[in-house]
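**Student:** Got a structure for you, questions after.
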Amino acid sequence: MKMKLATWVTAAMMAASPVMADLVFPSMSYRTGPFAAGGIPFADGYADYFTLLNQRDGGIGGVKVNVPECETGYNTEKGVECYESLKPLNPLVLQPLSTGITYQIIPKSIVDDIPVHTMGYGRTSAKNGGVFSHTFNYPANYWDGASGVVNYLLEINNGDISGKKLALVYHNSAYGKEPIRTLEALAEKHGFELTTLAVDHPGQEQKSQWLQIRRERPDYVTMWGWGVMNQVAIQEAANIRFPMENFIGVWWAGAQHDVLPAGDAANGYKAITFHAVGKDYPVFDDIQKYVVDAGLAAGSGDQIGTVLYNRGVYAAMLAAEAAKDAQAANGVEEITSGMMRDAMEKLSITEERMAALGMPNFGPAFDVSCENHGGNGLVGVAQWDASAQEWNLVSDFKQSDQDLISPLVKEDSMAFAAESGIEPRC
C-alpha cells in the first residue's frame, strides 16, 4: 500500500509540472469519506493559493511550488501511510488536518526534521515549542477556542456569567473532549455551571442529548462537533426551539455545509473563528483572475469566500510566508525542511504583512518563538445569516485567557516530555 501511495504521489507531481518543483508543500487531503464536505474546500483553497503564487509571482522567491496531494480519507492509518509516501519528496511542511494523524506523526517529524502545522487542531500542548520542536499550532488552539466561547459570553453579559448554565455537546473522541478541562477551569473561575453531553460518532443520533437540553434549559450551548454531527445538532436545536443565537460552535462546526441543511432554522447560529469570513479581499480577486478564470482551480472555483476554502488559503499563506523568511535568512532559494522549521519558529505575521498580501485584517497579528509555537491565541465569533447565506463577524479577535491556559499547556507538555525522555530546548 505504501508503495502504491508513493507511486501515486510521485505521478501526481510529474503530471502537475514538467519539471520537478523545488518547493514542495504537500496536501494531506480528505476529498472522500464521511468528512469530505469539509475536506474538499480546504484542499481547494490550499492548492489554489499556491497556484496563484506560481501564476502571478513565478512561485516563491522565483522558485515554482508543487502541491502533491495524498488522500487520507480522514483516516489515521492512511494518514500515516501518506506521511511515509510524501517524505521522500522532501516536503517543507506537512498539514495533516486530523488530530489522530497529528498524534501519530509528531515523533516521526522530529526524527525526519519535517515541521508539522496543525492550525486550530491537533495536540493543544504542542504550543510549547520547547518540548514539541517540530509541531506548530498557530494562530490558535482548542483551549484558546474554549476560552473564546467564554470570553464572548462575558462580552454579551456585561462581564458576569456567574450562575449561568453552559452545555457542551461534543464528539465522543479525543478531539471532542479537548475543551472539557479548560471549560471546567473557566467554570470555576467565572462561576457558571457546565454540563457535558457526549455524542457518539458519526453523530446522527442526538435526540436524547437535546431532550436533556430541553429539560435542563441551559442558557447557552457550545459544540465541539465535526461532519454530519454539526448538521444534526443544529436541526435538533431548532426542533426544541433552542435560541439559535445562544448556540456557539467551535471553528470546525462553523462552515456553510454545517448550517445550510437546516435552512432558515439555522439563522443566528454562531461559531468561534481565528480568521475572517467572506470574500471581500483582494487576494480572492487575484485567485479568480489567475487561477479560476485561467482554468487552473483545484475544484470548480465556486468555493471562494466559504469558511473552509478561506482556511485553506490562510494555511497556504502562512506556509508561503515562512518559506520566504527561510529563503531570506539562509540566502538561498531552494530551502530545506530544517530551514523551514527554523523560519516557522520565528514567524511574525503583522497586519501590514497581511495587507500587502491582499488579506487585510484576515486574521489576528501573531508572533511565534521557541517557547511559543501557538501564536497569540486570539479568537473571534461569526454568526450565520440564513437569508443572505453568509457568515459575519460579530465579535473581534480577542485574547484568550492565557493566565489559565498557559499552566495547562505547561503541565501537559512537560508530562509528554517526561514520558518521551525529551529535554526542553527553551
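By convention in this document, the chains of the C-alpha cells carry letters A, B, ... by their order, each chain's residues are numbered from 1, and ligands are numbered from 1 in the order they are shown.
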Give the alpha helix (DSSP H) residues of segment 2-193 of chain A, as DSSP finds them on the backbone, and put them as number ranges by chain.

**Tutor:** A: 2-16, 36-57, 76-86, 99-112, 142-156, 174-177, 180-190

**Student:** Excluding segment 111-120 of chain A and residues on its chain fewer than 5 positions from it, collect all residues at most 7 Å away from it, counting only C-alpha atoms, and give them as number ranges by chain.

**Tutor:** A: 92-97, 134-142, 337-338, 341

**Student:** I'd like the neighbourhood of segment 295-312 of chain A as a PyMOL selection string, where a residue qualifies if any of its atoms comes within 7 Å (using only C-alpha atoms), though same-chain residues fewer than 4 positions away should be ignored.

**Tutor:** chain A and resi 38+41-48+255-256+277-279+284+291+316

**Student:** If we count only C-alpha atoms, what is near Val67 of chain A at a cut-off of 8 Å, once residues fewer than 6 positions away on the same chain are taken out, given as a short mmCIF file (atom, residue, chain, number, x, y, z; two decimals) with all heavy atoms, in the first residue's frame?

**Tutor:**
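File result_36.cif, as written:
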```cif
data_model
loop_
_atom_site.label_atom_id
_atom_site.label_comp_id
_atom_site.auth_asym_id
_atom_site.auth_seq_id
_atom_site.Cartn_x
_atom_site.Cartn_y
_atom_site.Cartn_z
N MET A 13 2.87 14.58 -8.95
CA MET A 13 3.81 15.68 -9.09
C MET A 13 4.28 15.83 -10.53
O MET A 13 4.36 16.93 -11.07
CB MET A 13 5.03 15.46 -8.19
CG MET A 13 4.77 15.70 -6.72
SD MET A 13 6.31 15.69 -5.79
CE MET A 13 7.06 17.18 -6.41
N VAL A 24 8.19 21.98 -2.18
CA VAL A 24 7.10 21.00 -2.11
C VAL A 24 6.26 21.24 -0.87
O VAL A 24 6.75 21.17 0.26
CB VAL A 24 7.65 19.56 -2.11
CG1 VAL A 24 6.51 18.56 -2.05
CG2 VAL A 24 8.50 19.32 -3.36
N PHE A 25 4.99 21.54 -1.08
CA PHE A 25 4.02 21.76 0.00
C PHE A 25 2.88 20.75 -0.17
O PHE A 25 1.88 21.06 -0.81
CB PHE A 25 3.47 23.19 -0.03
CG PHE A 25 4.48 24.25 0.29
CD1 PHE A 25 5.28 24.80 -0.71
CD2 PHE A 25 4.64 24.71 1.59
CE1 PHE A 25 6.21 25.78 -0.42
CE2 PHE A 25 5.57 25.69 1.89
CZ PHE A 25 6.36 26.23 0.88
N PRO A 26 3.03 19.56 0.37
CA PRO A 26 2.01 18.53 0.15
C PRO A 26 0.66 18.90 0.76
O PRO A 26 0.57 19.65 1.74
CB PRO A 26 2.58 17.30 0.84
CG PRO A 26 4.04 17.57 0.97
CD PRO A 26 4.14 19.05 1.16
N SER A 27 -0.38 18.35 0.17
CA SER A 27 -1.74 18.48 0.69
C SER A 27 -2.20 17.11 1.16
O SER A 27 -2.39 16.20 0.35
CB SER A 27 -2.68 19.01 -0.39
OG SER A 27 -4.02 19.03 0.06
N ALA A 47 -4.54 24.53 -2.37
CA ALA A 47 -3.91 24.36 -3.68
C ALA A 47 -4.00 25.64 -4.51
O ALA A 47 -3.03 26.03 -5.18
CB ALA A 47 -4.56 23.20 -4.42
N PHE A 50 -1.33 28.39 -3.75
CA PHE A 50 -0.01 28.12 -4.30
C PHE A 50 0.00 28.24 -5.82
O PHE A 50 1.00 28.68 -6.41
CB PHE A 50 0.47 26.73 -3.86
CG PHE A 50 0.92 26.67 -2.43
CD1 PHE A 50 0.30 25.84 -1.52
CD2 PHE A 50 1.97 27.47 -1.99
CE1 PHE A 50 0.70 25.79 -0.20
CE2 PHE A 50 2.40 27.43 -0.66
CZ PHE A 50 1.76 26.58 0.23
#
```

**Student:** Would you kindly return, as a PyMOL selection string, each protein, DNA or RNA residue with an atom no farther than 9 Å from any atom of Val283 of chain A, considering only C-alpha atoms and excluding same-chain residues fewer than 4 positions away?

**Tutor:** chain A and resi 49+279+287-288+357-359

**Student:** Residues at most 6 Å from Val379 of chain A, counting only C-alpha atoms, excluding those fewer than 2 positions away in the same chain, as a list in words?

**Tutor:** Gly148, Thr273, Phe274, Phe397 and Lys398 of chain A

**Student:** Which residues come within 7 Å of segment 402-418 of chain A, counting only C-alpha atoms, excluding same-chain residues fewer than 3 positions away, as a list in words?

**Tutor:**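 Returned residues: Ser125, Ala126, Asn128, Val131, Trp143, Gly421, Ile422 and Glu423 of chain A.
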
**Student:** I'd like a table as CSV: residues in segment 347-387 of chain A with an atom no more than 9 Å from segment 318-327 of chain A, each row giving the shortest atom pair and its distance in Å to one decimal, only C-alpha atoms counted, sorted by chain and rising residue number.

**Tutor:**
```
residue,atom,partner,partner_atom,distance
A:Leu347,CA,A:Ala322,CA,6.3
A:Ser348,CA,A:Ala322,CA,8.9
A:Ile349,CA,A:Leu318,CA,8.3
```

**Student:** Those selected residues, please, written with N, CA and C atoms and delivered as a short mmCIF file (atom, residue, chain, number, x, y, z; two decimals), in the first residue's frame.

**Tutor:**
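The file below, out00.cif, is the result:
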```
data_model
loop_
_atom_site.label_atom_id
_atom_site.label_comp_id
_atom_site.auth_asym_id
_atom_site.auth_seq_id
_atom_site.Cartn_x
_atom_site.Cartn_y
_atom_site.Cartn_z
N LEU A 347 8.38 33.12 12.92
CA LEU A 347 7.39 33.79 12.07
C LEU A 347 6.70 34.93 12.81
N SER A 348 6.58 36.06 12.12
CA SER A 348 5.85 37.22 12.65
C SER A 348 4.87 37.67 11.58
N ILE A 349 3.59 37.55 11.88
CA ILE A 349 2.55 37.96 10.95
C ILE A 349 1.92 39.25 11.48
#
```

**Student:** Distance atom CA of Gln104 of chain A-atom CA of Lys78 of chain A, one decimal place?

**Tutor:**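 Separating atom CA of Gln104 of chain A from atom CA of Lys78 of chain A is a distance of 11.2 Å.
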
**Student:** For Asn90 of chain A, which residue out of A:Pro68, A:Arg215, A:Arg353, A:Glu245 is the nearest one, using only C-alpha atoms?

**Tutor:**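 Of A:Pro68, A:Arg215, A:Arg353, A:Glu245, the one nearest Asn90 of chain A, counting only C-alpha atoms, is A:Pro68.
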
**Student:** Can you work out the spacing between atom CA of Trp224 of chain A and atom CA of Glu178 of chain A in Å, to one decimal?

**Tutor:**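 Taking atom CA of Trp224 of chain A and atom CA of Glu178 of chain A, their separation equals 8.5 Å.
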
**Student:** For segment 187-241 of chain A against segment 169-175 of chain A, with a cut-off of 9 Å and counting only C-alpha atoms, what is the closest atom pair and its distance in Å to one decimal for every residue that makes the cut, ordered by chain and number, as CSV?

**Tutor:**
```
residue,atom,partner,partner_atom,distance
A:Thr195,CA,A:Val169,CA,8.6
A:Thr196,CA,A:Val169,CA,6.2
A:Leu197,CA,A:Val169,CA,4.8
A:Ala198,CA,A:Tyr170,CA,5.1
A:Val199,CA,A:His171,CA,5.1
A:Asp200,CA,A:Asn172,CA,5.1
A:His201,CA,A:His171,CA,6.7
A:Pro202,CA,A:His171,CA,8.2
A:Gly203,CA,A:His171,CA,7.3
A:Gln209,CA,A:Val169,CA,7.9
A:Val221,CA,A:Val169,CA,7.2
A:Thr222,CA,A:Val169,CA,6.3
A:Met223,CA,A:Val169,CA,4.7
A:Trp224,CA,A:Tyr170,CA,4.6
A:Gly225,CA,A:His171,CA,5.2
A:Trp226,CA,A:His171,CA,7.2
A:Met229,CA,A:His171,CA,7.7
A:Ala233,CA,A:Val169,CA,8.5
```

**Student:** Write the residues you've just listed into a file as an mmCIF file, in the first residue's frame, and include C-alpha atoms for each of them.

**Tutor:**
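Wrote it out as again12.cif, contents follow:
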```
data_model
loop_
_atom_site.group_PDB
_atom_site.id
_atom_site.type_symbol
_atom_site.label_atom_id
_atom_site.label_comp_id
_atom_site.auth_asym_id
_atom_site.auth_seq_id
_atom_site.Cartn_x
_atom_site.Cartn_y
_atom_site.Cartn_z
ATOM 1 C CA THR A 195 -22.838 20.232 31.644
ATOM 2 C CA THR A 196 -21.115 17.898 29.168
ATOM 3 C CA LEU A 197 -23.051 15.790 26.660
ATOM 4 C CA ALA A 198 -21.162 13.247 24.545
ATOM 5 C CA VAL A 199 -22.342 12.310 21.045
ATOM 6 C CA ASP A 200 -21.058 9.066 19.584
ATOM 7 C CA HIS A 201 -19.603 9.008 16.063
ATOM 8 C CA PRO A 202 -20.814 9.805 13.472
ATOM 9 C CA GLY A 203 -23.369 11.883 15.377
ATOM 10 C CA GLN A 209 -28.929 14.868 24.337
ATOM 11 C CA VAL A 221 -24.845 25.588 24.288
ATOM 12 C CA THR A 222 -21.414 25.211 22.755
ATOM 13 C CA MET A 223 -20.439 22.388 20.414
ATOM 14 C CA TRP A 224 -17.218 20.570 19.524
ATOM 15 C CA GLY A 225 -18.533 18.671 16.527
ATOM 16 C CA TRP A 226 -17.492 17.605 13.070
ATOM 17 C CA MET A 229 -22.887 15.731 13.768
ATOM 18 C CA ALA A 233 -27.192 19.213 16.221
#
```

**Student:** Taking only C-alpha atoms into account, which of A:Gln55, A:Ser420, A:Ser98, A:Asn361 comes nearest Asp396 of chain A?

**Tutor:**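 Comparing A:Gln55, A:Ser420, A:Ser98, A:Asn361 against Asp396 of chain A, the winner is A:Asn361.
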
**Student:** Pick the closest to Asn392 of chain A from A:Ile110, A:Ile40, A:Ala276, A:Ala329: which is it, counting only C-alpha atoms?

**Tutor:**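 Once distances to Asn392 of chain A are computed over only C-alpha atoms, the minimum belongs to A:Ala276.
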
**Student:** Can you tell me how far atom CA of Thr336 of chain A sits from atom CA of Glu84 of chain A, in Å to one decimal?

**Tutor:**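 Between atom CA of Thr336 of chain A and atom CA of Glu84 of chain A the gap works out to 17.5 Å.
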